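Q: Here you go, run_37.txt (compact mmCIF, C-alpha atoms):
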```txt
# COMPACT_ATOMS: atom_id res chain seq x y z
CA MET A 1 -20.52 -5.43 21.22
CA ASP A 2 -23.18 -6.53 18.73
CA GLU A 3 -22.13 -8.31 15.58
CA VAL A 4 -22.36 -6.10 12.53
CA LYS A 5 -25.49 -6.80 10.53
CA ILE A 6 -24.86 -7.12 6.82
CA ILE A 7 -27.54 -7.05 4.18
CA THR A 8 -27.06 -7.41 0.45
CA VAL A 9 -29.18 -4.80 -1.30
CA LYS A 10 -30.31 -5.36 -4.87
CA GLN A 11 -31.08 -2.99 -7.68
CA ASN A 12 -34.65 -2.93 -8.96
CA VAL A 13 -33.92 -2.28 -12.62
CA LEU A 14 -37.54 -1.68 -13.56
CA ALA A 15 -38.23 1.04 -11.03
CA SER A 16 -37.84 4.76 -11.52
CA ASN A 17 -35.09 5.93 -9.23
CA GLU A 18 -36.46 9.48 -9.15
CA LYS A 19 -39.84 8.21 -7.96
CA ASP A 20 -38.26 5.93 -5.37
CA ALA A 21 -36.15 8.84 -4.13
CA GLU A 22 -39.17 11.13 -3.73
CA GLN A 23 -41.05 8.42 -1.84
CA LEU A 24 -38.12 7.85 0.50
CA ARG A 25 -37.79 11.59 1.11
CA ALA A 26 -41.49 11.76 1.99
CA TYR A 27 -41.09 8.78 4.35
CA MET A 28 -38.14 10.41 6.12
CA LYS A 29 -40.02 13.73 6.38
CA GLU A 30 -42.98 11.97 7.95
CA HIS A 31 -40.60 10.32 10.44
CA ARG A 32 -38.88 13.68 11.06
CA THR A 33 -35.49 12.12 10.43
CA TYR A 34 -32.74 14.00 8.64
CA LEU A 35 -31.19 11.61 6.09
CA LEU A 36 -27.78 12.73 4.87
CA ASN A 37 -25.89 11.07 2.01
CA ILE A 38 -22.10 11.41 2.25
CA MET A 39 -20.04 10.80 -0.87
CA SER A 40 -16.31 10.96 -1.62
CA SER A 41 -13.33 9.11 -3.03
CA PRO A 42 -12.07 6.08 -1.16
CA GLY A 43 -9.93 7.15 1.77
CA SER A 44 -11.00 10.76 1.97
CA GLY A 45 -11.99 10.34 5.59
CA LYS A 46 -15.73 9.61 5.64
CA THR A 47 -15.49 7.07 8.46
CA THR A 48 -13.07 9.17 10.51
CA LEU A 49 -15.34 12.22 10.24
CA LEU A 50 -18.36 10.10 11.19
CA LYS A 51 -16.59 8.77 14.25
CA ALA A 52 -15.73 12.31 15.41
CA THR A 53 -19.30 13.43 14.63
CA ILE A 54 -20.86 10.60 16.64
CA LYS A 55 -18.56 11.24 19.59
CA ALA A 56 -19.56 14.93 19.62
CA LEU A 57 -23.31 14.54 19.01
CA LYS A 58 -24.36 11.19 20.45
CA ASN A 59 -25.69 12.71 23.68
CA GLU A 60 -27.74 15.29 21.78
CA MET A 61 -29.46 13.12 19.19
CA LYS A 62 -30.00 9.52 18.10
CA ILE A 63 -27.69 8.71 15.20
CA GLY A 64 -27.64 5.76 12.83
CA VAL A 65 -25.24 5.05 9.98
CA LEU A 66 -25.80 3.02 6.82
CA GLU A 67 -22.44 1.87 5.49
CA ALA A 68 -22.46 1.04 1.79
CA ASP A 69 -19.58 -1.04 0.49
CA ILE A 70 -18.78 -3.48 -2.25
CA ASP A 71 -17.44 -5.83 0.37
CA SER A 72 -16.19 -5.96 3.99
CA ASP A 73 -17.72 -4.61 7.18
CA VAL A 74 -14.75 -2.70 8.58
CA ASP A 75 -16.56 0.66 8.51
CA ALA A 76 -19.75 -0.53 10.22
CA LYS A 77 -17.65 -2.05 12.99
CA ALA A 78 -15.73 1.21 13.47
CA ILE A 79 -19.01 3.15 13.70
CA GLN A 80 -20.44 0.79 16.31
CA GLU A 81 -17.27 1.16 18.35
CA ALA A 82 -17.73 4.95 18.19
CA GLY A 83 -21.13 4.53 19.80
CA ALA A 84 -23.79 4.72 17.08
CA ASP A 85 -25.97 2.07 15.49
CA SER A 86 -24.82 0.99 12.08
CA ILE A 87 -25.73 -1.43 9.35
CA GLN A 88 -23.54 -2.59 6.49
CA LEU A 89 -25.09 -2.57 3.01
CA HIS A 90 -23.33 -4.74 0.45
CA THR A 91 -23.98 -3.57 -3.07
CA GLY A 92 -22.87 -6.80 -4.75
CA GLY A 93 -20.16 -5.15 -6.82
CA MET A 94 -22.18 -2.06 -7.69
CA CYS A 95 -20.47 1.29 -7.48
CA HIS A 96 -23.36 3.28 -6.01
CA LEU A 97 -26.59 3.11 -4.03
CA THR A 98 -29.99 3.69 -5.61
CA ALA A 99 -32.96 5.06 -3.63
CA ASP A 100 -34.50 1.59 -3.52
CA MET A 101 -31.30 0.07 -2.14
CA THR A 102 -31.22 2.82 0.49
CA ARG A 103 -34.85 2.12 1.33
CA GLN A 104 -34.10 -1.61 1.81
CA GLY A 105 -31.36 -0.66 4.24
CA ILE A 106 -33.48 1.85 6.15
CA ILE A 107 -36.48 -0.43 6.51
CA GLU A 108 -34.28 -3.19 7.89
CA PHE A 109 -32.50 -0.75 10.16
CA ASN A 110 -35.31 1.50 11.29
CA LYS A 111 -37.81 -1.17 12.28
CA ASP A 112 -38.42 -0.27 15.88
CA ARG A 113 -36.13 2.69 16.44
CA HIS A 114 -36.41 6.35 15.72
CA TYR A 115 -33.36 8.21 14.52
CA ASP A 116 -32.91 11.98 14.48
CA LEU A 117 -29.98 11.73 12.12
CA LEU A 118 -29.42 8.91 9.64
CA ILE A 119 -26.24 9.04 7.60
CA ILE A 120 -25.50 7.09 4.44
CA GLU A 121 -21.81 6.50 3.83
CA ASN A 122 -22.02 5.88 0.09
CA VAL A 123 -19.54 3.75 -1.89
CA GLY A 124 -16.16 5.50 -2.19
CA ASN A 125 -16.33 6.94 -5.70
CA LEU A 126 -16.58 10.45 -7.16
CA VAL A 127 -18.39 9.37 -10.32
CA CYS A 128 -21.26 6.90 -10.08
CA PRO A 129 -22.86 7.77 -6.72
CA ALA A 130 -23.44 11.32 -8.02
CA GLU A 131 -25.66 9.92 -10.78
CA PHE A 132 -28.16 8.27 -8.45
CA ASP A 133 -30.44 10.14 -6.07
CA THR A 134 -30.48 8.07 -2.86
CA GLY A 135 -33.58 9.78 -1.51
CA ALA A 136 -31.55 11.57 1.15
CA THR A 137 -32.67 14.99 2.35
CA ASP A 138 -29.23 16.34 1.43
CA SER A 139 -26.01 15.09 -0.11
CA VAL A 140 -22.54 16.31 0.78
CA VAL A 141 -19.18 15.56 -0.78
CA LEU A 142 -15.96 15.13 1.19
CA LEU A 143 -12.69 16.04 -0.47
CA SER A 144 -9.44 15.48 1.39
CA VAL A 145 -6.44 17.77 1.07
CA PRO A 146 -4.17 14.99 -0.35
CA GLU A 147 -6.58 14.49 -3.28
CA GLY A 148 -5.84 17.94 -4.65
CA ASP A 149 -7.73 21.18 -5.26
CA ASP A 150 -8.71 20.35 -8.88
CA LYS A 151 -11.29 17.63 -8.26
CA ALA A 152 -14.33 19.82 -9.03
CA LEU A 153 -12.85 20.32 -12.51
CA LYS A 154 -12.60 16.59 -13.12
CA TYR A 155 -15.77 15.33 -11.45
CA PRO A 156 -18.31 18.09 -12.19
CA LEU A 157 -21.54 16.24 -11.45
CA MET A 158 -20.48 15.35 -7.89
CA PHE A 159 -20.16 19.04 -7.05
CA GLU A 160 -23.38 19.95 -8.86
CA VAL A 161 -25.61 17.55 -6.92
CA THR A 162 -24.26 18.21 -3.42
CA SER A 163 -25.34 21.00 -1.12
CA ALA A 164 -22.08 21.10 0.82
CA LEU A 165 -18.39 20.41 0.28
CA VAL A 166 -16.40 19.35 3.32
CA VAL A 167 -12.65 19.68 2.82
CA THR A 168 -11.09 17.10 5.16
CA LYS A 169 -7.58 16.43 6.53
CA ILE A 170 -6.87 20.17 6.61
CA ASP A 171 -4.20 19.44 9.28
CA VAL A 172 -1.87 17.97 6.62
CA ALA A 173 -2.22 20.97 4.27
CA PRO A 174 1.40 22.08 4.95
CA TYR A 175 2.69 18.84 3.38
CA PHE A 176 0.71 19.07 0.15
CA ASP A 177 0.36 21.54 -2.70
CA PHE A 178 -3.25 22.29 -1.89
CA ASP A 179 -4.74 25.73 -2.40
CA LEU A 180 -7.99 26.04 -0.41
CA GLU A 181 -9.03 29.20 -2.26
CA LYS A 182 -8.54 27.49 -5.64
CA CYS A 183 -10.49 24.48 -4.36
CA LYS A 184 -13.38 26.73 -3.28
CA LYS A 185 -13.33 28.60 -6.59
CA ASN A 186 -13.48 25.34 -8.58
CA ALA A 187 -16.38 24.02 -6.47
CA LEU A 188 -18.33 27.29 -6.72
CA MET A 189 -17.85 27.27 -10.48
CA ARG A 190 -19.79 23.97 -10.56
CA ASN A 191 -22.37 24.99 -7.99
CA LYS A 192 -22.71 28.59 -6.86
CA ASP A 193 -24.83 27.59 -3.84
CA ILE A 194 -22.50 24.93 -2.43
CA LYS A 195 -21.64 25.50 1.24
CA ILE A 196 -17.95 24.93 1.92
CA MET A 197 -16.39 23.86 5.21
CA ALA A 198 -12.78 22.88 5.90
CA LEU A 199 -11.86 20.72 8.88
CA SER A 200 -9.66 18.08 10.44
CA ALA A 201 -11.49 15.25 12.19
CA LYS A 202 -8.14 14.30 13.72
CA THR A 203 -7.27 17.61 15.40
CA GLY A 204 -10.82 18.97 15.67
CA GLN A 205 -9.99 22.11 13.68
CA GLY A 206 -13.14 23.44 11.97
CA LEU A 207 -15.29 20.60 13.32
CA ASP A 208 -17.69 22.96 15.14
CA LYS A 209 -18.98 24.44 11.90
CA TRP A 210 -19.79 20.95 10.59
CA LEU A 211 -21.53 19.98 13.84
CA ASP A 212 -23.60 23.19 13.77
CA PHE A 213 -24.53 22.45 10.15
CA LEU A 214 -25.86 19.03 11.23
CA ARG A 215 -27.59 20.41 14.34
CA SER A 216 -29.50 23.00 12.32
CA LYS A 217 -30.49 20.43 9.66
CA VAL A 218 -31.73 17.94 12.29
CA LYS A 219 -33.65 20.70 14.05
CA LYS A 220 -35.32 21.66 10.79
CA ALA A 221 -36.22 18.03 10.01
CA LYS A 222 -37.81 17.71 13.47
CA GLY A 223 -39.89 20.80 12.70
CA GLU A 224 -38.46 22.77 15.63
CA MET B 1 3.26 24.10 -26.74
CA ASP B 2 0.66 22.17 -28.71
CA GLU B 3 -2.96 22.46 -27.75
CA VAL B 4 -4.26 19.36 -26.00
CA LYS B 5 -6.24 17.17 -28.34
CA ILE B 6 -9.51 15.98 -26.86
CA ILE B 7 -11.61 13.18 -28.26
CA THR B 8 -14.90 11.92 -26.92
CA VAL B 9 -14.85 8.13 -26.92
CA LYS B 10 -18.10 6.20 -27.02
CA GLN B 11 -19.08 2.83 -25.71
CA ASN B 12 -20.03 0.15 -28.23
CA VAL B 13 -22.72 -1.59 -26.23
CA LEU B 14 -23.10 -4.48 -28.65
CA ALA B 15 -19.47 -5.51 -28.71
CA SER B 16 -17.81 -8.05 -26.50
CA ASN B 17 -15.30 -6.23 -24.36
CA GLU B 18 -13.23 -9.37 -23.82
CA LYS B 19 -12.88 -9.85 -27.59
CA ASP B 20 -12.02 -6.19 -28.14
CA ALA B 21 -9.43 -6.38 -25.39
CA GLU B 22 -7.75 -9.44 -26.91
CA GLN B 23 -7.65 -7.76 -30.33
CA LEU B 24 -6.10 -4.63 -28.88
CA ARG B 25 -3.52 -6.69 -27.01
CA ALA B 26 -2.62 -8.48 -30.27
CA TYR B 27 -2.32 -5.11 -32.06
CA MET B 28 -0.01 -3.72 -29.37
CA LYS B 29 2.07 -6.91 -29.43
CA GLU B 30 2.48 -6.61 -33.18
CA HIS B 31 3.58 -3.00 -32.74
CA ARG B 32 5.92 -4.02 -29.90
CA THR B 33 4.46 -1.36 -27.66
CA TYR B 34 3.97 -1.93 -23.96
CA LEU B 35 0.49 -0.66 -23.03
CA LEU B 36 0.03 -0.08 -19.32
CA ASN B 37 -3.29 0.75 -17.67
CA ILE B 38 -2.99 2.76 -14.45
CA MET B 39 -5.97 2.86 -12.12
CA SER B 40 -6.56 4.48 -8.72
CA SER B 41 -8.83 6.73 -6.70
CA PRO B 42 -9.02 10.39 -7.67
CA GLY B 43 -6.06 12.24 -6.25
CA SER B 44 -3.82 9.29 -5.48
CA GLY B 45 -1.03 10.74 -7.58
CA LYS B 46 -1.32 9.15 -11.04
CA THR B 47 -0.41 12.35 -12.89
CA THR B 48 2.41 13.25 -10.50
CA LEU B 49 3.94 9.78 -10.86
CA LEU B 50 3.60 9.98 -14.64
CA LYS B 51 5.37 13.33 -14.73
CA ALA B 52 8.29 11.96 -12.68
CA THR B 53 8.35 8.82 -14.87
CA ILE B 54 8.45 10.82 -18.11
CA LYS B 55 11.20 13.06 -16.77
CA ALA B 56 13.32 10.02 -15.88
CA LEU B 57 12.68 7.89 -18.98
CA LYS B 58 12.02 10.27 -21.88
CA ASN B 59 15.58 10.02 -23.22
CA GLU B 60 15.49 6.20 -23.12
CA MET B 61 12.15 5.51 -24.80
CA LYS B 62 9.26 7.11 -26.62
CA ILE B 63 6.34 7.61 -24.23
CA GLY B 64 2.73 8.51 -24.88
CA VAL B 65 -0.08 9.00 -22.38
CA LEU B 66 -3.83 8.57 -22.85
CA GLU B 67 -5.64 10.60 -20.23
CA ALA B 68 -9.16 9.40 -19.53
CA ASP B 69 -11.46 11.78 -17.73
CA ILE B 70 -15.11 12.60 -17.40
CA ASP B 71 -14.30 16.19 -18.19
CA SER B 72 -11.39 18.70 -18.29
CA ASP B 73 -7.95 18.43 -19.87
CA VAL B 74 -5.80 19.48 -16.94
CA ASP B 75 -3.94 16.14 -16.83
CA ALA B 76 -3.12 15.97 -20.55
CA LYS B 77 -1.72 19.50 -20.35
CA ALA B 78 0.47 18.58 -17.36
CA ILE B 79 1.81 15.54 -19.22
CA GLN B 80 2.67 17.58 -22.31
CA GLU B 81 4.51 20.06 -20.12
CA ALA B 82 6.51 17.14 -18.66
CA GLY B 83 7.67 16.29 -22.17
CA ALA B 84 5.58 13.38 -23.46
CA ASP B 85 2.83 13.22 -26.05
CA SER B 86 -0.63 12.99 -24.59
CA ILE B 87 -4.21 12.83 -25.66
CA GLN B 88 -7.27 13.48 -23.55
CA LEU B 89 -10.11 10.96 -23.78
CA HIS B 90 -13.48 12.20 -22.57
CA THR B 91 -15.75 9.37 -21.51
CA GLY B 92 -18.97 11.37 -21.64
CA GLY B 93 -19.83 10.80 -17.98
CA MET B 94 -18.78 7.16 -17.93
CA CYS B 95 -16.76 5.95 -14.99
CA HIS B 96 -14.36 3.69 -16.87
CA LEU B 97 -12.74 2.91 -20.24
CA THR B 98 -13.65 -0.14 -22.29
CA ALA B 99 -11.21 -1.80 -24.69
CA ASP B 100 -13.00 -0.25 -27.65
CA MET B 101 -12.79 3.24 -26.13
CA THR B 102 -9.07 2.66 -25.55
CA ARG B 103 -8.68 1.50 -29.14
CA GLN B 104 -10.38 4.68 -30.42
CA GLY B 105 -7.90 6.74 -28.45
CA ILE B 106 -4.88 4.73 -29.58
CA ILE B 107 -5.80 4.79 -33.24
CA GLU B 108 -6.23 8.55 -33.16
CA PHE B 109 -3.04 8.95 -31.18
CA ASN B 110 -0.77 6.38 -32.78
CA LYS B 111 -1.39 7.27 -36.42
CA ASP B 112 2.09 8.04 -37.56
CA ARG B 113 4.17 7.56 -34.45
CA HIS B 114 5.63 4.58 -32.73
CA TYR B 115 5.62 4.44 -28.95
CA ASP B 116 7.69 2.11 -26.78
CA LEU B 117 5.52 2.80 -23.78
CA LEU B 118 1.88 3.85 -23.90
CA ILE B 119 0.20 4.59 -20.60
CA ILE B 120 -3.52 4.84 -19.97
CA GLU B 121 -4.44 7.01 -17.02
CA ASN B 122 -7.87 5.54 -16.36
CA VAL B 123 -10.76 7.43 -14.73
CA GLY B 124 -10.10 8.00 -11.00
CA ASN B 125 -12.21 5.27 -9.43
CA LEU B 126 -11.44 2.05 -7.52
CA VAL B 127 -14.63 0.29 -8.59
CA CYS B 128 -15.76 0.45 -12.21
CA PRO B 129 -12.44 0.56 -14.13
CA ALA B 130 -11.53 -2.78 -12.53
CA GLU B 131 -14.54 -4.38 -14.20
CA PHE B 132 -13.49 -3.57 -17.76
CA ASP B 133 -10.42 -4.99 -19.47
CA THR B 134 -8.93 -2.09 -21.43
CA GLY B 135 -6.79 -4.33 -23.61
CA ALA B 136 -3.62 -3.16 -21.89
CA THR B 137 -0.70 -5.54 -21.54
CA ASP B 138 -0.77 -4.98 -17.78
CA SER B 139 -2.80 -3.05 -15.25
CA VAL B 140 -1.46 -1.52 -12.07
CA VAL B 141 -3.22 0.13 -9.16
CA LEU B 142 -1.91 3.15 -7.29
CA LEU B 143 -2.85 3.59 -3.65
CA SER B 144 -1.69 6.67 -1.79
CA VAL B 145 -0.74 6.65 1.88
CA PRO B 146 -3.52 9.13 2.86
CA GLU B 147 -6.17 6.74 1.50
CA GLY B 148 -5.39 4.14 4.16
CA ASP B 149 -4.05 0.60 4.32
CA ASP B 150 -7.48 -1.09 4.20
CA LYS B 151 -8.45 -0.40 0.58
CA ALA B 152 -7.81 -3.95 -0.67
CA LEU B 153 -10.44 -5.12 1.84
CA LYS B 154 -13.03 -2.72 0.48
CA TYR B 155 -12.28 -2.85 -3.26
CA PRO B 156 -11.29 -6.50 -3.82
CA LEU B 157 -11.66 -6.69 -7.61
CA MET B 158 -9.23 -3.82 -8.21
CA PHE B 159 -6.48 -5.74 -6.45
CA GLU B 160 -7.39 -9.03 -8.14
CA VAL B 161 -7.07 -7.72 -11.71
CA THR B 162 -3.82 -5.76 -11.32
CA SER B 163 -0.34 -7.18 -11.59
CA ALA B 164 1.26 -4.50 -9.41
CA LEU B 165 0.34 -2.22 -6.53
CA VAL B 166 2.22 1.06 -6.30
CA VAL B 167 1.92 2.69 -2.89
CA THR B 168 2.37 6.43 -3.50
CA LYS B 169 3.05 9.51 -1.32
CA ILE B 170 5.20 7.40 1.02
CA ASP B 171 6.94 10.66 2.08
CA VAL B 172 3.87 11.69 4.09
CA ALA B 173 3.61 8.36 5.94
CA PRO B 174 4.72 9.96 9.26
CA TYR B 175 1.59 12.14 9.25
CA PHE B 176 -0.91 9.32 8.69
CA ASP B 177 -1.89 6.10 10.43
CA PHE B 178 -0.72 3.95 7.54
CA ASP B 179 0.81 0.52 8.09
CA LEU B 180 2.69 -0.57 4.96
CA GLU B 181 2.95 -4.17 6.15
CA LYS B 182 -0.81 -4.32 6.75
CA CYS B 183 -1.39 -2.77 3.32
CA LYS B 184 0.82 -5.41 1.67
CA LYS B 185 -0.87 -8.20 3.60
CA ASN B 186 -4.35 -7.01 2.51
CA ALA B 187 -3.28 -6.75 -1.14
CA LEU B 188 -1.61 -10.18 -1.14
CA MET B 189 -4.76 -11.68 0.37
CA ARG B 190 -6.63 -10.55 -2.76
CA ASN B 191 -3.88 -11.48 -5.20
CA LYS B 192 -0.93 -13.59 -4.11
CA ASP B 193 1.08 -12.66 -7.25
CA ILE B 194 0.71 -8.88 -6.98
CA LYS B 195 4.04 -7.04 -7.10
CA ILE B 196 4.21 -4.27 -4.51
CA MET B 197 6.30 -1.10 -4.73
CA ALA B 198 6.25 1.91 -2.39
CA LEU B 199 7.50 5.31 -3.54
CA SER B 200 7.26 9.07 -3.44
CA ALA B 201 7.18 10.80 -6.82
CA LYS B 202 7.83 14.04 -4.95
CA THR B 203 11.05 13.08 -3.16
CA GLY B 204 12.12 10.30 -5.54
CA GLN B 205 12.22 7.69 -2.76
CA GLY B 206 11.61 4.22 -4.23
CA LEU B 207 11.18 5.56 -7.77
CA ASP B 208 14.05 3.46 -9.19
CA LYS B 209 12.22 0.21 -8.57
CA TRP B 210 9.21 1.52 -10.51
CA LEU B 211 11.38 2.75 -13.39
CA ASP B 212 13.16 -0.63 -13.56
CA PHE B 213 9.79 -2.36 -13.60
CA LEU B 214 8.79 -0.26 -16.64
CA ARG B 215 12.17 -0.71 -18.34
CA SER B 216 11.98 -4.50 -18.12
CA LYS B 217 8.37 -4.55 -19.35
CA VAL B 218 9.18 -2.31 -22.33
CA LYS B 219 12.22 -4.44 -23.15
CA LYS B 220 10.08 -7.56 -23.09
CA ALA B 221 7.44 -5.97 -25.34
CA LYS B 222 10.13 -5.02 -27.83
CA GLY B 223 11.28 -8.63 -27.87
CA GLU B 224 14.76 -7.80 -26.63
```
Take the structure I supplied and represent it as structure tokens, if you would.
A:
Amino acid sequence: MDEVKIITVKQNVLASNEKDAEQLRAYMKEHRTYLLNIMSSPGSGKTTLLKATIKALKNEMKIGVLEADIDSDVDAKAIQEAGADSIQLHTGGMCHLTADMTRQGIIEFNKDRHYDLLIIENVGNLVCPAEFDTGATDSVVLLSVPEGDDKALKYPLMFEVTSALVVTKIDVAPYFDFDLEKCKKNALMRNKDIKIMALSAKTGQGLDKWLDFLRSKVKKAKGE
Amino acid sequence: MDEVKIITVKQNVLASNEKDAEQLRAYMKEHRTYLLNIMSSPGSGKTTLLKATIKALKNEMKIGVLEADIDSDVDAKAIQEAGADSIQLHTGGMCHLTADMTRQGIIEFNKDRHYDLLIIENVGNLVCPAEFDTGATDSVVLLSVPEGDDKALKYPLMFEVTSALVVTKIDVAPYFDFDLEKCKKNALMRNKDIKIMALSAKTGQGLDKWLDFLRSKVKKAKGE
């Protein structure tokens, strides 16, 4: 197995993040790659969902993953083991990725390969990553059952800027006081257009809907 | 029941946070109040642990809770229902509390009452709150079983600046791939002096150790 490549991405404080994000979106459109930004709290199951996603889709499309973390490369290693290319982006203590930091990662990563689906696993945090457009085509938020159904009340912006909410770890719902209908209601209050899916990457329950969501987005990005 | 009081605390960008923190610590020492800063991811069980703590200790000591949140007052309401005073601090979108923001909350809160134990429930986030000394006597980090045993690898600073790690939701350990020994090892790698407790606020398992920890800290702050 290849060693995990780690690059330290730096914030360009003088640049306009909005402009950088638009440029990156145009670049991805030109390359017909669907760039998806995944955000959530630490431990809500981003890496586990990605591993299940790669296993299910790797024979249909070329997938790459950009793993953003303050430190460590445990996630990038796990992704490589699942069978997709991955690169680890170290943010040097920063709690989010900017569009320019994403661009640095993609340019390093994308040199001589074409990806159908590129996924950013953003820093685990429900606050700061929501404030910075990464330049992704879409952003989604993961919320795991153990975190509780009230998170859209407490972290409004995260649910306003994402086009889909994926409720994860639905298999452990019987052990927690989690009301899926209340969770949906809270999310829709923040964003009436948010698409909501509930799944368990562990048991596979509800995974098909998520995979179909990705398939249709990738197809659209390829112009099919 | 009283309405929850909400104040919007603002960051003083010109001040030195270290200096503010030392001043607040001196003020709390003078008032013989133990000020504890609790940090964790969203949904790791801060409020649930606080409710169980208040229930167990409210006849022994006077407890107040400062609830920091981007938005909403659901936590402050839950704390009041559990039988302790609480105030909601809105950070205006900011992902952490500074010492000056904490001071604003305490001054508003503490006017004519004396607390033995004041608890700050910091914004749910494993990154940013670790970077700002709130002026608390101690800081602790909560990590719930569903979040995984690798969090000290990914969020090093959080485990370096806290004097105790409380592993929560230990009752659901059978349903997750969570290795408590690995979790302890990772935390101790970041901070060899970190005190580690594992508990379930729901079942009460391990709660005594946590309550004794608080009792001894409060006793020390009172100079007994």
Q: What residues in chain A lie within 7 Å of chain B, counting only C-alpha atoms, written as a PyMOL selection string?
A: chain A and resi 41-44+69-72+95+125+127-128+146-148+153-155
Q: Got a sec to check which residues sit within 8 Å of (-16.6, -6.0, -18.8), counting only C-alpha atoms, and write them as a PDB file with C-alpha atoms, keeping the file's coordinate frame?
A:
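Output contents, as saved in point.pdb:
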```pdb
ATOM      1  CA  ASN B  17     -15.300  -6.230 -24.360  1.00  0.00           C
ATOM      2  CA  GLU B  18     -13.230  -9.370 -23.820  1.00  0.00           C
ATOM      3  CA  THR B  98     -13.650  -0.140 -22.290  1.00  0.00           C
ATOM      4  CA  GLU B 131     -14.540  -4.380 -14.200  1.00  0.00           C
ATOM      5  CA  PHE B 132     -13.490  -3.570 -17.760  1.00  0.00           C
ATOM      6  CA  ASP B 133     -10.420  -4.990 -19.470  1.00  0.00           C
TER       7      ASP B 133
END
```
Q: With all atoms listed in the file as the basis for distance, which of B:Arg190, B:Lys51, B:Lys202, B:Lys220 is at the shortest distance from Ala82 of chain B?
A: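 Using all atoms listed in the file, the shortest distance to Ala82 of chain B belongs to B:Lys51.
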Q: Given 8 Å on each side, where is the centre and what are the edge lengths in Å to one decimal of the axis-aligned box enclosing the listed atoms of segment 104-117 of chain A, as AutoDock Vina command-line options?
A:
```
--center_x -34.2 --center_y 4.4 --center_z 9.1 --size_x 24.4 --size_y 31.2 --size_z 30.6
```
Q: Would you list the contacts of Thr162 of chain A as a list of chain:residue names, taking every protein, DNA or RNA residue within 9 Å and counting all atoms listed in the file, but skipping same-chain residues closer than 6 positions in sequence?
A: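 Contacts, in chain order: A:Met39, A:Ala130, A:Asp138, A:Ser139, A:Val140, A:Val141, A:Asn191, A:Ile194.
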Q: List the spatial neighbours of Ala136 of chain B as an MDAnalysis selection string - criterion: any atom at most 6 Å away, all atoms listed in the file, same-chain residues fewer than 6 positions off excluded.
A: chainID B and resid 35:37
Q: Name the residues in contact with segment 21-28 of chain A at a cut-off of 12 Å, using all atoms listed in the file, excluding same-chain residues fewer than 5 positions from it; report them as a ChimeraX atom specification.
A: /A:15-16,33-37,97-107,110,114-118,132-138,218,221-222
Q: Measure the distance from atom CA of Ala76 of chain B to atom CA of Lys46 of chain B in Å and round it to one decimal.
A: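 These two atoms are separated by 11.8 Å.
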Q: Using atom CA of Phe109 of chain B and atom CA of Ala84 of chain B as the two end points, give the distance in Å to one decimal.
A: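 Atom-to-atom, atom CA of Phe109 of chain B and atom CA of Ala84 of chain B are spaced 12.4 Å apart.
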Q: Kindly give the distance, in Å, that separates atom CA of Gly206 of chain A and atom CA of Ser163 of chain A, rounded to a single decimal.
A: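 Atom-to-atom, atom CA of Gly206 of chain A and atom CA of Ser163 of chain A are spaced 18.1 Å apart.
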Q: Please work out which residues fall within 6 Å of (-16.8, 17.9, 12.3), coordinates as given in the file, with only C-alpha atoms counting, and return them as a ChimeraX atom specification.
A: /A:53,201,207-208,210-211
Q: Please produce a file of the residues just selected, as a PDB file, in the frame of the given file, where the atoms kept are C-alpha atoms.
A:
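Written output follows (result.pdb):
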```
ATOM      1  CA  THR A  53     -19.300  13.430  14.630  1.00  0.00           C
ATOM      2  CA  ALA A 201     -11.490  15.250  12.190  1.00  0.00           C
ATOM      3  CA  LEU A 207     -15.290  20.600  13.320  1.00  0.00           C
ATOM      4  CA  ASP A 208     -17.690  22.960  15.140  1.00  0.00           C
ATOM      5  CA  TRP A 210     -19.790  20.950  10.590  1.00  0.00           C
ATOM      6  CA  LEU A 211     -21.530  19.980  13.840  1.00  0.00           C
TER       7      LEU A 211
END
```
